[in-house]
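One structure below.
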Amino acid sequence: MFGFARKLWSDPEPAASLVPRGVRVYAVGDIHGRLDLLDQLLAQIDRDATSGADLVKYLVFLGDYVDRGPDSAMVIERLCREPLPGFGAIHLRGNHEAAMMDFIEKPEAGPDWLEYGGRATLASYGVPAPVEDAPPEHVEEARQRFAAALPPHHRAFLAGLRSSVAIGDYLFVHAGIRPGLPLHRQRDEDLLWIRREFLTSHLDHGKLVVHGHTIVEQPDVRSNRIGIDTGAYASNRLTALVLEGGERRFLCTV
């Protein structure tokens, strides 16, 4: 656990937002193939949860489980199972999972995903990655081998990922939302990919949005959102936001 020094933002401190009575939520930021950090953070969460033995506890994973780090396949395997006994688990889709599945389903998406961190994911599944600027037939061969190597339960896990979840006064998404658009009309493309329009907005979104996707050195707490992607694959800092009643705090691997 760590306490971050307060930053001076132009935004005011977020208004009191609540999760339902008797519930504690642990929202986990972008993992990106770092099984070692995921295991460390889950161990921290397990210890932390002893202080709330009578509470209903949820893990909300904000997406981007794969790419960049070395252990994407093992991260998916870990998440497919019960991450922590006694916890409910909600898994959201990140843009990297979407790009990975596009690689399997749309051959033309291959080069973009490979440059986006997909080579590390292929390697984690035992598939040799095409070199940069490889001819299309080499990319297609890798695509076919990857599709064959992806276990059925991994494919089912990825197909079942959610775009968002609301718990109390909080909305959990991967990237953010389109400001000014009602929550029920949000598009998956924005939930997975949006940056500038969301990050610079001061609008009240109706719920306090918890998101990853955009790397920050420390949790980015604003009046209308909380960003918790602390760049785990490069920084070794995988972060969780802990919510209970009107309180919020953070856990981190560093």
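Labels for the structure tokens follow display order: chains A, B, ..., residues from 1 in each chain, ligands from 1.
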
- strand (DSSP E) per DSSP on the backbone: members of range 185-254 of chain A, as an NGL selection string: :A and (208-211 or 220-221 or 225-227 or 239-244 or 247-252)

Same residues, N, CA and C atoms, saved as a compact mmCIF listing (two decimals), in the first residue's frame:
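Output (selection-v8.txt):
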# COMPACT_ATOMS: atom_id res chain seq x y z
N LEU A 208 -18.71 8.87 -11.39
CA LEU A 208 -17.27 9.08 -11.37
C LEU A 208 -16.63 7.93 -12.14
N VAL A 209 -15.91 8.25 -13.20
CA VAL A 209 -15.38 7.24 -14.12
C VAL A 209 -14.00 6.78 -13.64
N VAL A 210 -13.85 5.48 -13.48
CA VAL A 210 -12.56 4.87 -13.14
C VAL A 210 -12.04 4.19 -14.40
N HIS A 211 -10.80 4.50 -14.79
CA HIS A 211 -10.30 4.04 -16.08
C HIS A 211 -8.81 3.76 -16.03
N ASP A 220 -4.39 9.41 -11.12
CA ASP A 220 -4.83 10.74 -11.57
C ASP A 220 -6.25 10.95 -11.07
N VAL A 221 -6.40 11.67 -9.97
CA VAL A 221 -7.69 11.85 -9.31
C VAL A 221 -8.24 13.22 -9.68
N ARG A 225 -13.20 11.84 -12.82
CA ARG A 225 -12.58 10.58 -13.22
C ARG A 225 -11.38 10.26 -12.34
N ILE A 226 -11.00 8.98 -12.33
CA ILE A 226 -9.78 8.53 -11.65
C ILE A 226 -9.06 7.59 -12.60
N GLY A 227 -7.85 7.95 -13.02
CA GLY A 227 -7.04 7.11 -13.89
C GLY A 227 -6.02 6.33 -13.10
N THR A 239 -1.33 -0.86 -10.16
CA THR A 239 -2.09 -0.13 -9.15
C THR A 239 -3.52 -0.65 -9.06
N ALA A 240 -4.03 -0.64 -7.84
CA ALA A 240 -5.44 -0.94 -7.59
C ALA A 240 -6.05 0.21 -6.80
N LEU A 241 -7.26 0.59 -7.18
CA LEU A 241 -8.06 1.55 -6.43
C LEU A 241 -9.01 0.78 -5.54
N VAL A 242 -9.03 1.11 -4.25
CA VAL A 242 -9.89 0.43 -3.28
C VAL A 242 -11.02 1.37 -2.90
N LEU A 243 -12.25 0.92 -3.07
CA LEU A 243 -13.44 1.73 -2.78
C LEU A 243 -14.31 1.01 -1.77
N GLU A 244 -14.72 1.76 -0.73
CA GLU A 244 -15.63 1.22 0.28
C GLU A 244 -16.42 2.39 0.86
N GLU A 247 -15.13 6.09 0.93
CA GLU A 247 -13.68 6.17 1.05
C GLU A 247 -13.01 5.59 -0.19
N ARG A 248 -11.82 6.11 -0.49
CA ARG A 248 -11.00 5.55 -1.57
C ARG A 248 -9.54 5.59 -1.16
N ARG A 249 -8.80 4.58 -1.54
CA ARG A 249 -7.36 4.51 -1.29
C ARG A 249 -6.74 3.65 -2.37
N PHE A 250 -5.42 3.49 -2.34
CA PHE A 250 -4.73 2.80 -3.41
C PHE A 250 -3.78 1.74 -2.85
N LEU A 251 -3.60 0.69 -3.63
CA LEU A 251 -2.57 -0.30 -3.42
C LEU A 251 -1.69 -0.33 -4.65
N CYS A 252 -0.41 -0.68 -4.48
CA CYS A 252 0.50 -0.68 -5.63
C CYS A 252 1.64 -1.66 -5.36

- Message: Env of range 104-114 of chain A: 8 Å cut, atoms = only C-alpha atoms, seq-sep filter 6 positions within chain, self excluded. Answer as a ChimeraX atom specification.
- Response: /A:139-140,143-144,146-147

Please produce a file of the residues just selected, as a PDB file, in the first residue's frame, where the atoms kept are all heavy atoms.
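The result, written out as again04.pdb:
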ATOM      1  N   VAL A 139       2.939 -12.967 -42.002  1.00  0.00           N
ATOM      2  CA  VAL A 139       1.956 -12.504 -41.019  1.00  0.00           C
ATOM      3  C   VAL A 139       0.762 -13.440 -40.983  1.00  0.00           C
ATOM      4  O   VAL A 139       0.251 -13.799 -39.911  1.00  0.00           O
ATOM      5  CB  VAL A 139       1.521 -11.062 -41.335  1.00  0.00           C
ATOM      6  CG1 VAL A 139       0.435 -10.602 -40.360  1.00  0.00           C
ATOM      7  CG2 VAL A 139       2.718 -10.114 -41.277  1.00  0.00           C
ATOM      8  N   GLU A 140       0.311 -13.875 -42.132  1.00  0.00           N
ATOM      9  CA  GLU A 140      -0.819 -14.798 -42.193  1.00  0.00           C
ATOM     10  C   GLU A 140      -0.477 -16.134 -41.530  1.00  0.00           C
ATOM     11  O   GLU A 140      -1.307 -16.727 -40.823  1.00  0.00           O
ATOM     12  CB  GLU A 140      -1.240 -15.012 -43.641  1.00  0.00           C
ATOM     13  CG  GLU A 140      -2.299 -16.078 -43.855  1.00  0.00           C
ATOM     14  CD  GLU A 140      -3.609 -15.794 -43.135  1.00  0.00           C
ATOM     15  OE1 GLU A 140      -3.837 -14.639 -42.706  1.00  0.00           O
ATOM     16  OE2 GLU A 140      -4.402 -16.736 -42.965  1.00  0.00           O
ATOM     17  N   ARG A 143      -0.711 -15.606 -37.892  1.00  0.00           N
ATOM     18  CA  ARG A 143      -2.121 -15.497 -37.492  1.00  0.00           C
ATOM     19  C   ARG A 143      -2.759 -16.871 -37.358  1.00  0.00           C
ATOM     20  O   ARG A 143      -3.468 -17.157 -36.387  1.00  0.00           O
ATOM     21  CB  ARG A 143      -2.888 -14.655 -38.511  1.00  0.00           C
ATOM     22  CG  ARG A 143      -4.332 -14.350 -38.121  1.00  0.00           C
ATOM     23  CD  ARG A 143      -5.077 -13.673 -39.246  1.00  0.00           C
ATOM     24  NE  ARG A 143      -5.361 -14.606 -40.321  1.00  0.00           N
ATOM     25  CZ  ARG A 143      -6.403 -15.440 -40.322  1.00  0.00           C
ATOM     26  NH1 ARG A 143      -7.252 -15.446 -39.310  1.00  0.00           N
ATOM     27  NH2 ARG A 143      -6.597 -16.246 -41.339  1.00  0.00           N
ATOM     28  N   GLN A 144      -2.511 -17.735 -38.321  1.00  0.00           N
ATOM     29  CA  GLN A 144      -3.092 -19.070 -38.268  1.00  0.00           C
ATOM     30  C   GLN A 144      -2.538 -19.881 -37.102  1.00  0.00           C
ATOM     31  O   GLN A 144      -3.282 -20.598 -36.412  1.00  0.00           O
ATOM     32  CB  GLN A 144      -2.849 -19.786 -39.593  1.00  0.00           C
ATOM     33  CG  GLN A 144      -3.593 -19.182 -40.770  1.00  0.00           C
ATOM     34  CD  GLN A 144      -3.358 -19.945 -42.058  1.00  0.00           C
ATOM     35  OE1 GLN A 144      -2.877 -21.072 -42.056  1.00  0.00           O
ATOM     36  NE2 GLN A 144      -3.696 -19.316 -43.184  1.00  0.00           N
ATOM     37  N   PHE A 146      -1.342 -18.678 -34.323  1.00  0.00           N
ATOM     38  CA  PHE A 146      -1.871 -18.104 -33.078  1.00  0.00           C
ATOM     39  C   PHE A 146      -3.301 -18.553 -32.831  1.00  0.00           C
ATOM     40  O   PHE A 146      -3.666 -18.915 -31.712  1.00  0.00           O
ATOM     41  CB  PHE A 146      -1.783 -16.586 -33.140  1.00  0.00           C
ATOM     42  CG  PHE A 146      -2.251 -15.884 -31.892  1.00  0.00           C
ATOM     43  CD1 PHE A 146      -1.863 -16.317 -30.645  1.00  0.00           C
ATOM     44  CD2 PHE A 146      -3.064 -14.765 -31.979  1.00  0.00           C
ATOM     45  CE1 PHE A 146      -2.287 -15.661 -29.488  1.00  0.00           C
ATOM     46  CE2 PHE A 146      -3.491 -14.104 -30.842  1.00  0.00           C
ATOM     47  CZ  PHE A 146      -3.105 -14.560 -29.592  1.00  0.00           C
ATOM     48  N   ALA A 147      -4.118 -18.529 -33.864  1.00  0.00           N
ATOM     49  CA  ALA A 147      -5.509 -18.972 -33.721  1.00  0.00           C
ATOM     50  C   ALA A 147      -5.564 -20.418 -33.244  1.00  0.00           C
ATOM     51  O   ALA A 147      -6.433 -20.791 -32.432  1.00  0.00           O
ATOM     52  CB  ALA A 147      -6.247 -18.813 -35.045  1.00  0.00           C
TER      53      ALA A 147
END

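In this comparison, which uses only C-alpha atoms, the residue of A:Pro20, A:Thr50, A:Ala120, A:Leu59 approaching Ala73 in chain A most closely is A:Ala120.
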
- Query: Which of these, A:Ala43, A:Ala123, A:Val19, A:Ala99, has the shortest distance to Leu84 in chain A once you count only C-alpha atoms?
  - Reply: A:Ala43

Can you write out as JSON lines which residues of range 87-157 of chain A fall within 8 Å of range 172-185 of chain A, alongside each residue's closest atom pair and its distance in Å to one decimal, counting only C-alpha atoms and ordering rows by chain and ascending residue number?
{"residue": "A:Leu92", "atom": "CA", "partner": "A:His174", "partner_atom": "CA", "distance": 6.8}
{"residue": "A:Arg93", "atom": "CA", "partner": "A:His174", "partner_atom": "CA", "distance": 6.8}
{"residue": "A:Gly94", "atom": "CA", "partner": "A:His174", "partner_atom": "CA", "distance": 5.5}
{"residue": "A:Asn95", "atom": "CA", "partner": "A:His174", "partner_atom": "CA", "distance": 7.8}

- For Tyr125 in chain A: contacts at 12 Å, only C-alpha atoms, fewer than 6 positions along chain excluded, given as a list in words: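 What passes the distance filter is Gly33, Val66, Asp67, Pro70, Asp71, Ser72, Ala73, Met74, Val75, Ile76, Glu77, Gly118, Arg119, Ala142, Arg143, Arg145, Phe146, Ala147, Ala148, Ala149, Leu150, Pro151 and His154 of chain A.
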
Write a file of the just-selected residues containing N, CA, C and O atoms, as a short mmCIF file (atom, residue, chain, number, x, y, z; two decimals), in the first residue's frame.
data_model
loop_
_atom_site.label_atom_id
_atom_site.label_comp_id
_atom_site.auth_asym_id
_atom_site.auth_seq_id
_atom_site.Cartn_x
_atom_site.Cartn_y
_atom_site.Cartn_z
N GLY A 33 0.64 -8.16 -19.57
CA GLY A 33 1.54 -9.30 -19.59
C GLY A 33 2.48 -9.43 -18.42
O GLY A 33 3.40 -10.25 -18.45
N VAL A 66 -2.97 -8.09 -22.05
CA VAL A 66 -1.99 -8.67 -22.96
C VAL A 66 -1.08 -7.59 -23.55
O VAL A 66 -1.29 -6.40 -23.36
N ASP A 67 -0.05 -8.08 -24.28
CA ASP A 67 0.89 -7.25 -25.05
C ASP A 67 1.93 -6.58 -24.15
O ASP A 67 1.70 -6.31 -22.97
N PRO A 70 5.96 -9.92 -20.80
CA PRO A 70 6.35 -11.24 -21.31
C PRO A 70 5.34 -12.36 -21.10
O PRO A 70 5.50 -13.43 -21.71
N ASP A 71 4.32 -12.17 -20.29
CA ASP A 71 3.51 -13.31 -19.86
C ASP A 71 2.02 -13.14 -20.14
O ASP A 71 1.18 -13.48 -19.31
N SER A 72 1.68 -12.66 -21.32
CA SER A 72 0.26 -12.44 -21.64
C SER A 72 -0.56 -13.71 -21.50
O SER A 72 -1.66 -13.70 -20.93
N ALA A 73 -0.06 -14.83 -22.01
CA ALA A 73 -0.82 -16.08 -21.95
C ALA A 73 -1.08 -16.49 -20.50
O ALA A 73 -2.19 -16.93 -20.16
N MET A 74 -0.09 -16.33 -19.65
CA MET A 74 -0.24 -16.73 -18.26
C MET A 74 -1.14 -15.76 -17.49
O MET A 74 -1.83 -16.16 -16.55
N VAL A 75 -1.14 -14.48 -17.87
CA VAL A 75 -2.07 -13.53 -17.25
C VAL A 75 -3.50 -13.94 -17.57
O VAL A 75 -4.37 -13.98 -16.68
N ILE A 76 -3.77 -14.26 -18.85
CA ILE A 76 -5.12 -14.71 -19.21
C ILE A 76 -5.48 -15.98 -18.46
O ILE A 76 -6.60 -16.12 -17.94
N GLU A 77 -4.55 -16.91 -18.36
CA GLU A 77 -4.82 -18.15 -17.63
C GLU A 77 -5.15 -17.86 -16.17
O GLU A 77 -6.07 -18.45 -15.60
N GLY A 118 1.95 -6.82 -29.93
CA GLY A 118 1.48 -8.18 -30.17
C GLY A 118 2.58 -9.22 -30.29
O GLY A 118 2.33 -10.40 -30.03
N ARG A 119 3.77 -8.81 -30.67
CA ARG A 119 4.85 -9.80 -30.78
C ARG A 119 5.12 -10.48 -29.45
O ARG A 119 5.37 -11.68 -29.39
N ALA A 142 1.61 -16.57 -39.06
CA ALA A 142 1.58 -16.32 -37.62
C ALA A 142 0.15 -16.23 -37.11
O ALA A 142 -0.17 -16.74 -36.03
N ARG A 143 -0.71 -15.61 -37.89
CA ARG A 143 -2.12 -15.50 -37.49
C ARG A 143 -2.76 -16.87 -37.36
O ARG A 143 -3.47 -17.16 -36.39
N ARG A 145 -1.24 -19.76 -36.86
CA ARG A 145 -0.64 -20.50 -35.75
C ARG A 145 -1.16 -19.99 -34.41
O ARG A 145 -1.38 -20.77 -33.48
N PHE A 146 -1.34 -18.68 -34.32
CA PHE A 146 -1.87 -18.10 -33.08
C PHE A 146 -3.30 -18.55 -32.83
O PHE A 146 -3.67 -18.92 -31.71
N ALA A 147 -4.12 -18.53 -33.86
CA ALA A 147 -5.51 -18.97 -33.72
C ALA A 147 -5.56 -20.42 -33.24
O ALA A 147 -6.43 -20.79 -32.43
N ALA A 148 -4.64 -21.25 -33.72
CA ALA A 148 -4.61 -22.65 -33.30
C ALA A 148 -4.07 -22.81 -31.89
O ALA A 148 -4.46 -23.73 -31.16
N ALA A 149 -3.15 -21.90 -31.49
CA ALA A 149 -2.52 -22.02 -30.17
C ALA A 149 -3.37 -21.46 -29.05
O ALA A 149 -3.15 -21.80 -27.87
N LEU A 150 -4.33 -20.58 -29.36
CA LEU A 150 -5.13 -19.95 -28.32
C LEU A 150 -6.10 -20.97 -27.74
O LEU A 150 -6.99 -21.47 -28.44
N PRO A 151 -5.96 -21.31 -26.46
CA PRO A 151 -6.84 -22.34 -25.89
C PRO A 151 -8.30 -21.92 -25.94
O PRO A 151 -8.61 -20.72 -25.83
N HIS A 154 -9.39 -19.63 -23.19
CA HIS A 154 -8.89 -18.26 -23.34
C HIS A 154 -9.77 -17.50 -24.32
O HIS A 154 -10.13 -16.34 -24.09
#

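For the residues A:Glu137, A:His32, A:Ser163, A:Leu192, ranking by smallest atom-to-atom distance to Tyr116 in chain A using only C-alpha atoms places A:His32 first.
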
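Using only C-alpha atoms for every distance, the candidate list A:Phe61, A:Tyr26, A:Phe103, A:Phe198 yields A:Phe61 as the residue closest to Ser164 in chain A.
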